[in-house]
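Everything below concerns the one structure shown next.
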Amino acid sequence: MTSRTTSSTQPGDPVEGDAPAQDAPAPIVHGVTVGAPAHGGHAVARHEGRVIFVRHAAPGEVVDVTLTEHAADARFWRGDATRVLEPSPDRVRHVWPEAGPGGVGGGELGHLSLEAQRAWKAAVVNDTLRRIGKLELADVEVEPVPGETDGLGTRTRIELVVDDAGRLAMHPHRSHDLVALRTMPLAVPEIAEHVRRSREVGTRLRPGARVELVRSASGLLVLVDGEALGSTRKHVRERVLVTLPNGETRRYEYRVAGGGFWQVHHGAARLLIEKVLAAAEVRSGDRVVEAYSGAGLLTLPLADAVGETGTVVAIEGDDAAVRNARRNAHAHPWVELVHGDVATSIGEATAQGADVVVLDPPRAGAGADVVAAIVAARPRRIVYVSCDPASLARDLALLVAGGATVRDVRGYDLFPHTHHVEAVAVLDGPA
Ligand SMILES: C[S@@+](CC[C@H](N)C(=O)[O-])C[C@H]1O[C@@H](n2cnc3c(N)ncnc32)[C@H](O)[C@@H]1O
């Protein structure tokens with residue numbers, strides 16, 4: 001693992017950022033001491049009895065904060081660290097200055113070393129599990145994707161908007177404004193190059209158009225308002241090479257809707273399959289219930305693990321994802337695809353029993369009804385893949401209240417340079 005050299009930020013230096021000039025100067029609070037990181041990409045500071053959520057700072061720093069939300073009667077304010085008076089040793093040159101203070105969202109931790117970013121995310125996960133979940137667990141660590149060096153060139157999917165001048169643009173944090181992109185170093189080279197060239201030659205697209213750039217095994221797909229540009233093909237192929245728990249290597253192929261859900265980091269699909277299979281300890285002949293199964297990323301390896309004497313019931317709500325999952329799983333007739341809302345469909349699936357339950361819900365989490373159906377089935381093992389620490393904490397608390405026991409929670413840095421973190425929780429079902 002290499003980490004970038006720490007920046008030579010000196011006391012009094014402005015924080016790197018390429019923010020466009022503002023019309024009226026925003027109020028600045030001077031000499032703010034920055035506290036612990038909080039969920040959402042900011043750290044908590046206190047000033048004259050009021051909390052300020054500060055972005056672009058590091059815990060322990062003393063900074064000047066340019067306020068971005070500061071209503072006189074608000075319980076808390078928000079702001080960006082725009083001058084560093086006492087820098088943290090974790091501060092580095094921002095990997096993407098366009099995402100610095102006042103810039104676009106999506107790179108809010110790019111001013112910290114990768115190690116410090118992972119410590120930040122681990123602190124948020126641990127605090128959330130304790131405070132919201134009231135769970136007393138061993139400290140969770142956040143691990144890099146194997147082979148990760150600098151967290152750059154990893155995103156295979158980005159969504160942009162065309163600005164009034166026809167340029168590809170992104171929104172600043174909590175804003176409807178648009179800032180034209182010059183570079184996109186977090187994305188894989190094909191996407192970064194597309195962004196760079198679009199900046200040079202323009203897009204000739206309608207202002208406000210939504211542009212999705214998707215890099216897959218079938219190349220670069222550009223979707224404009226959901227329609228494929230220059231092709232009728234709206235789906236892509238993804239290939240994932242994995243090492244199974246028995247050491248065997250296997251390649252999985254998937255057809256995925258271009259605008260549909262797929263793991264964003266180029267190493268995420270492999271990592272999640274390997275971690276989930278290792279955690280699930282599925283046995284030949286098992287009945288596995290998999291909720292929020294998408295196009296079948298985890299469904300196919302789970303189906304191989306249970307074998308043809310077993311069953312995988314995969315529940316997914318999105319039409320295109322279910323259609324693609326049906327094709328992806330055609331060689332595994334022991335996969336039962338259920339097209340529907342997990343909350344209303346899982347009860348029927350688990351009523352017939354479940355040896356193992358795997359769930360990978362969206363940010364909102366699974367909720368009480370889904371958890372009740374899971375614990376009622378008394379599975380041997382539950383593997384919960386989460387992209388949101390707060391909903392994970394709520395759902396784990398419900399699972400524990402239902403008699404499950406948390407064996408392990410691990411974080412994975414699938415979104416370097418942002419505050420997002422993936423976690424995999426492994427539980428034993430109720431005895
Ligand atoms: C985080 S993705 C995981 C998909 C898959 N495990 C993967 O890694 O590719 C969550 C999936 O849940 C689906 N989903 C979200 N809410 C749902 C609901 N209430 N019922 C059924 N599916 C839902 C989404 O369409 C999406 O495919």
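Residues in the structure tokens are numbered from 1 in each chain, the chains being A, B, ... in the order shown, and ligands are numbered from 1 in the order shown.
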Subject >> Shell of 8 Å around region 346-357 of chain A, only C-alpha atoms, local chain residues under 4 positions omitted, as a count of residues only >> reply: 22
**OP:** Enumerate residues in contact with ligand 1: an atom-to-atom distance of at most 6 Å, counting only C-alpha atoms and all ligand atoms. Format the result as number ranges by chain.
**Re:** A: 261-263, 292-295, 297-298, 316-318, 340-342, 360-362
Report as a PDB file with N, CA and C atoms, in the first residue's frame: the residues of region 49-189 of chain A with a DSSP assignment of strand (DSSP E), based on the backbone of this structure.
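After the write, states-v2.pdb holds the following:
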ATOM      1  N   ARG A  50     -22.747  26.559  19.561  1.00  0.00           N
ATOM      2  CA  ARG A  50     -23.452  25.989  18.404  1.00  0.00           C
ATOM      3  C   ARG A  50     -22.544  24.994  17.698  1.00  0.00           C
ATOM      4  N   VAL A  51     -23.166  23.925  17.169  1.00  0.00           N
ATOM      5  CA  VAL A  51     -22.402  22.936  16.405  1.00  0.00           C
ATOM      6  C   VAL A  51     -22.235  23.442  14.970  1.00  0.00           C
ATOM      7  N   ILE A  52     -21.016  23.292  14.441  1.00  0.00           N
ATOM      8  CA  ILE A  52     -20.797  23.557  13.001  1.00  0.00           C
ATOM      9  C   ILE A  52     -20.299  22.250  12.368  1.00  0.00           C
ATOM     10  N   PHE A  53     -20.985  21.802  11.321  1.00  0.00           N
ATOM     11  CA  PHE A  53     -20.511  20.647  10.552  1.00  0.00           C
ATOM     12  C   PHE A  53     -19.534  21.162   9.501  1.00  0.00           C
ATOM     13  N   VAL A  54     -18.283  20.789   9.669  1.00  0.00           N
ATOM     14  CA  VAL A  54     -17.216  21.356   8.833  1.00  0.00           C
ATOM     15  C   VAL A  54     -16.723  20.308   7.831  1.00  0.00           C
ATOM     16  N   ARG A  55     -16.777  20.667   6.557  1.00  0.00           N
ATOM     17  CA  ARG A  55     -16.205  19.794   5.522  1.00  0.00           C
ATOM     18  C   ARG A  55     -14.800  20.272   5.180  1.00  0.00           C
ATOM     19  N   VAL A  62      -7.073  23.234  13.490  1.00  0.00           N
ATOM     20  CA  VAL A  62      -7.683  24.533  13.759  1.00  0.00           C
ATOM     21  C   VAL A  62      -7.796  25.242  12.409  1.00  0.00           C
ATOM     22  N   VAL A  63      -9.013  25.659  12.064  1.00  0.00           N
ATOM     23  CA  VAL A  63      -9.264  26.181  10.711  1.00  0.00           C
ATOM     24  C   VAL A  63     -10.173  27.405  10.764  1.00  0.00           C
ATOM     25  N   ASP A  64     -10.164  28.164   9.686  1.00  0.00           N
ATOM     26  CA  ASP A  64     -11.203  29.173   9.465  1.00  0.00           C
ATOM     27  C   ASP A  64     -12.291  28.492   8.642  1.00  0.00           C
ATOM     28  N   VAL A  65     -13.541  28.704   9.047  1.00  0.00           N
ATOM     29  CA  VAL A  65     -14.651  28.037   8.375  1.00  0.00           C
ATOM     30  C   VAL A  65     -15.495  29.068   7.634  1.00  0.00           C
ATOM     31  N   THR A  66     -15.614  28.897   6.321  1.00  0.00           N
ATOM     32  CA  THR A  66     -16.529  29.727   5.539  1.00  0.00           C
ATOM     33  C   THR A  66     -17.900  29.076   5.605  1.00  0.00           C
ATOM     34  N   LEU A  67     -18.863  29.784   6.172  1.00  0.00           N
ATOM     35  CA  LEU A  67     -20.175  29.176   6.413  1.00  0.00           C
ATOM     36  C   LEU A  67     -20.959  29.051   5.114  1.00  0.00           C
ATOM     37  N   THR A  68     -21.580  27.895   4.935  1.00  0.00           N
ATOM     38  CA  THR A  68     -22.415  27.662   3.750  1.00  0.00           C
ATOM     39  C   THR A  68     -23.900  27.639   4.131  1.00  0.00           C
ATOM     40  N   GLU A  69     -24.210  27.329   5.383  1.00  0.00           N
ATOM     41  CA  GLU A  69     -25.590  27.398   5.892  1.00  0.00           C
ATOM     42  C   GLU A  69     -25.479  27.954   7.300  1.00  0.00           C
ATOM     43  N   PHE A  76     -27.682  24.071  14.168  1.00  0.00           N
ATOM     44  CA  PHE A  76     -26.298  23.881  13.714  1.00  0.00           C
ATOM     45  C   PHE A  76     -26.089  24.593  12.390  1.00  0.00           C
ATOM     46  N   TRP A  77     -24.844  24.933  12.153  1.00  0.00           N
ATOM     47  CA  TRP A  77     -24.453  25.550  10.893  1.00  0.00           C
ATOM     48  C   TRP A  77     -23.605  24.553  10.108  1.00  0.00           C
ATOM     49  N   ARG A  78     -23.436  24.870   8.821  1.00  0.00           N
ATOM     50  CA  ARG A  78     -22.533  24.075   7.987  1.00  0.00           C
ATOM     51  C   ARG A  78     -21.508  25.000   7.366  1.00  0.00           C
ATOM     52  N   GLY A  79     -20.321  24.462   7.104  1.00  0.00           N
ATOM     53  CA  GLY A  79     -19.313  25.292   6.451  1.00  0.00           C
ATOM     54  C   GLY A  79     -18.158  24.474   5.927  1.00  0.00           C
ATOM     55  N   ASP A  80     -17.315  25.148   5.152  1.00  0.00           N
ATOM     56  CA  ASP A  80     -16.114  24.523   4.589  1.00  0.00           C
ATOM     57  C   ASP A  80     -14.879  25.131   5.249  1.00  0.00           C
ATOM     58  N   ALA A  81     -13.917  24.293   5.574  1.00  0.00           N
ATOM     59  CA  ALA A  81     -12.631  24.805   6.059  1.00  0.00           C
ATOM     60  C   ALA A  81     -11.926  25.444   4.868  1.00  0.00           C
ATOM     61  N   THR A  82     -11.688  26.744   4.947  1.00  0.00           N
ATOM     62  CA  THR A  82     -11.083  27.435   3.800  1.00  0.00           C
ATOM     63  C   THR A  82      -9.694  27.974   4.120  1.00  0.00           C
ATOM     64  N   ARG A  83      -9.286  27.922   5.377  1.00  0.00           N
ATOM     65  CA  ARG A  83      -7.906  28.286   5.735  1.00  0.00           C
ATOM     66  C   ARG A  83      -7.504  27.414   6.917  1.00  0.00           C
ATOM     67  N   VAL A  84      -6.301  26.844   6.808  1.00  0.00           N
ATOM     68  CA  VAL A  84      -5.835  25.937   7.870  1.00  0.00           C
ATOM     69  C   VAL A  84      -4.833  26.682   8.732  1.00  0.00           C
ATOM     70  N   LEU A  85      -5.162  26.800  10.017  1.00  0.00           N
ATOM     71  CA  LEU A  85      -4.250  27.487  10.930  1.00  0.00           C
ATOM     72  C   LEU A  85      -3.311  26.486  11.587  1.00  0.00           C
ATOM     73  N   GLU A  86      -3.845  25.331  11.961  1.00  0.00           N
ATOM     74  CA  GLU A  86      -3.012  24.252  12.525  1.00  0.00           C
ATOM     75  C   GLU A  86      -3.339  22.979  11.770  1.00  0.00           C
ATOM     76  N   VAL A 142     -11.733  -0.567   8.613  1.00  0.00           N
ATOM     77  CA  VAL A 142     -12.087  -0.401   7.198  1.00  0.00           C
ATOM     78  C   VAL A 142     -10.866  -0.780   6.367  1.00  0.00           C
ATOM     79  N   GLU A 143     -11.070  -1.758   5.481  1.00  0.00           N
ATOM     80  CA  GLU A 143      -9.961  -2.296   4.695  1.00  0.00           C
ATOM     81  C   GLU A 143     -10.014  -1.756   3.268  1.00  0.00           C
ATOM     82  N   PRO A 144      -8.831  -1.601   2.642  1.00  0.00           N
ATOM     83  CA  PRO A 144      -8.838  -1.186   1.236  1.00  0.00           C
ATOM     84  C   PRO A 144      -9.227  -2.341   0.326  1.00  0.00           C
ATOM     85  N   ARG A 157     -18.598   3.989 -12.905  1.00  0.00           N
ATOM     86  CA  ARG A 157     -19.876   4.628 -13.232  1.00  0.00           C
ATOM     87  C   ARG A 157     -19.898   6.031 -12.624  1.00  0.00           C
ATOM     88  N   ILE A 158     -20.274   7.037 -13.452  1.00  0.00           N
ATOM     89  CA  ILE A 158     -20.542   8.352 -12.857  1.00  0.00           C
ATOM     90  C   ILE A 158     -21.762   8.964 -13.545  1.00  0.00           C
ATOM     91  N   GLU A 159     -22.424   9.826 -12.810  1.00  0.00           N
ATOM     92  CA  GLU A 159     -23.596  10.505 -13.356  1.00  0.00           C
ATOM     93  C   GLU A 159     -23.327  12.004 -13.331  1.00  0.00           C
ATOM     94  N   LEU A 160     -23.520  12.657 -14.475  1.00  0.00           N
ATOM     95  CA  LEU A 160     -23.236  14.078 -14.610  1.00  0.00           C
ATOM     96  C   LEU A 160     -24.453  14.782 -15.196  1.00  0.00           C
ATOM     97  N   VAL A 161     -24.395  16.112 -15.225  1.00  0.00           N
ATOM     98  CA  VAL A 161     -25.485  16.905 -15.797  1.00  0.00           C
ATOM     99  C   VAL A 161     -24.853  17.897 -16.760  1.00  0.00           C
ATOM    100  N   VAL A 162     -25.542  18.192 -17.874  1.00  0.00           N
ATOM    101  CA  VAL A 162     -25.022  19.161 -18.839  1.00  0.00           C
ATOM    102  C   VAL A 162     -25.395  20.570 -18.369  1.00  0.00           C
ATOM    103  N   LEU A 168     -20.072  19.018 -19.341  1.00  0.00           N
ATOM    104  CA  LEU A 168     -20.428  18.028 -18.315  1.00  0.00           C
ATOM    105  C   LEU A 168     -20.121  18.631 -16.952  1.00  0.00           C
ATOM    106  N   ALA A 169     -21.074  18.541 -16.057  1.00  0.00           N
ATOM    107  CA  ALA A 169     -20.949  19.264 -14.792  1.00  0.00           C
ATOM    108  C   ALA A 169     -21.482  18.409 -13.641  1.00  0.00           C
ATOM    109  N   MET A 170     -21.134  18.831 -12.430  1.00  0.00           N
ATOM    110  CA  MET A 170     -21.655  18.179 -11.223  1.00  0.00           C
ATOM    111  C   MET A 170     -22.183  19.254 -10.279  1.00  0.00           C
ATOM    112  N   VAL A 179     -21.337  22.910 -11.622  1.00  0.00           N
ATOM    113  CA  VAL A 179     -19.942  23.314 -11.825  1.00  0.00           C
ATOM    114  C   VAL A 179     -19.364  22.400 -12.906  1.00  0.00           C
ATOM    115  N   ALA A 180     -18.901  22.999 -14.012  1.00  0.00           N
ATOM    116  CA  ALA A 180     -18.351  22.199 -15.122  1.00  0.00           C
ATOM    117  C   ALA A 180     -17.083  21.484 -14.668  1.00  0.00           C
TER     118      ALA A 180
END
Original post:
CA of His339 (chain A) and CA of Gly367 (chain A) are how many Å apart?
Top reply: 18.8 Å
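Of the listed residues A:Leu135, A:Val104, A:Leu359, A:Leu414, the one whose atoms come nearest to Leu181 (chain A) is A:Val104, with distances taken using only C-alpha atoms.
Counting only C-alpha atoms and comparing A:Ile28, A:Val409, A:Val95, A:Leu272, the residue that lies closest to Glu141 (chain A) is A:Val409.
When CA of Ser216 (chain A) is paired with CA of Asn324 (chain A), their separation reads 15.3 Å.
The nearest approach to Val140 (chain A) among the residues A:Val276, A:Ala119, A:Leu152, A:Leu271, with only C-alpha atoms taken into account, belongs to A:Ala119.
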Original post:
Tell me, which residues of region 131-352 of chain A carry DSSP helix (DSSP H, G or I), written as a PyMOL selection string?
Top reply: chain A and resi 131+189-201+268-280+299-306+319-328+342-351
**OP:** Work out how far apart CA of Arg204 (chain A) and CA of Leu178 (chain A) are and give it in Å to one decimal.
**Re:** 16.7 Å
Subject >> For Arg199 (chain A): contacts at 7 Å, only C-alpha atoms, fewer than 4 positions along chain excluded, given as a VMD selection string >> reply: chain A and resid 167 182 195
Subject >> Long-range neighbours of Ser218 (chain A) as a list in words, 10 Å cut-off, only C-alpha atoms, 2 positions minimum in chain >> reply: Val214, Arg215, Ser216, Leu220, Leu221, His235, Val236, Arg237, Glu238 and Arg239 of chain A
Original post:
Near Gly267 (chain A), counting only C-alpha atoms, which residues have an atom at most 12 Å away, once you skip same-chain residues fewer than 4 positions from it, shown as a ChimeraX atom specification?
Top reply: /A:144-148,151,153-156,188,238-242,262-263,271-274,412-416
Would you output that residue set with C-alpha atoms, as a PDB file, in the first residue's frame?
ATOM      1  CA  PRO A 144      -8.838  -1.186   1.236  1.00  0.00           C
ATOM      2  CA  VAL A 145      -9.792  -3.062  -1.908  1.00  0.00           C
ATOM      3  CA  PRO A 146      -6.843  -5.460  -2.483  1.00  0.00           C
ATOM      4  CA  GLY A 147      -4.296  -3.916  -4.831  1.00  0.00           C
ATOM      5  CA  GLU A 148      -5.501  -0.364  -4.166  1.00  0.00           C
ATOM      6  CA  GLY A 151      -7.784   5.309  -4.725  1.00  0.00           C
ATOM      7  CA  GLY A 153      -9.079   5.602 -11.409  1.00  0.00           C
ATOM      8  CA  THR A 154     -11.490   3.234  -9.641  1.00  0.00           C
ATOM      9  CA  ARG A 155     -15.046   4.381 -10.443  1.00  0.00           C
ATOM     10  CA  THR A 156     -16.687   2.596 -13.360  1.00  0.00           C
ATOM     11  CA  VAL A 188     -11.405   4.759 -14.568  1.00  0.00           C
ATOM     12  CA  GLU A 238     -19.590  -7.392 -16.641  1.00  0.00           C
ATOM     13  CA  ARG A 239     -17.014 -10.102 -15.918  1.00  0.00           C
ATOM     14  CA  VAL A 240     -15.820 -10.943 -12.423  1.00  0.00           C
ATOM     15  CA  LEU A 241     -12.970 -13.300 -11.640  1.00  0.00           C
ATOM     16  CA  VAL A 242     -13.196 -14.621  -8.072  1.00  0.00           C
ATOM     17  CA  TRP A 262     -23.791  -2.384 -10.389  1.00  0.00           C
ATOM     18  CA  GLN A 263     -20.973  -1.980  -7.883  1.00  0.00           C
ATOM     19  CA  LEU A 271     -14.431  -8.322  -3.163  1.00  0.00           C
ATOM     20  CA  LEU A 272     -18.089  -8.614  -2.205  1.00  0.00           C
ATOM     21  CA  ILE A 273     -18.547 -12.061  -3.760  1.00  0.00           C
ATOM     22  CA  GLU A 274     -15.467 -13.368  -1.957  1.00  0.00           C
ATOM     23  CA  TYR A 412     -14.453  -1.900   2.994  1.00  0.00           C
ATOM     24  CA  ASP A 413     -13.232   1.248   1.286  1.00  0.00           C
ATOM     25  CA  LEU A 414     -15.178   0.867  -1.958  1.00  0.00           C
ATOM     26  CA  PHE A 415     -15.498   4.649  -2.422  1.00  0.00           C
ATOM     27  CA  PRO A 416     -12.027   6.170  -1.853  1.00  0.00           C
TER      28      PRO A 416
END
Subject >> Surrounding residues of region 387-400 of chain A excluding itself and chain neighbours under 6 positions, 9 Å, only C-alpha atoms, as a ChimeraX atom specification >> reply: /A:39,124-126,128-135,360-368,371-372,374-375,406,420-425,427,429-430
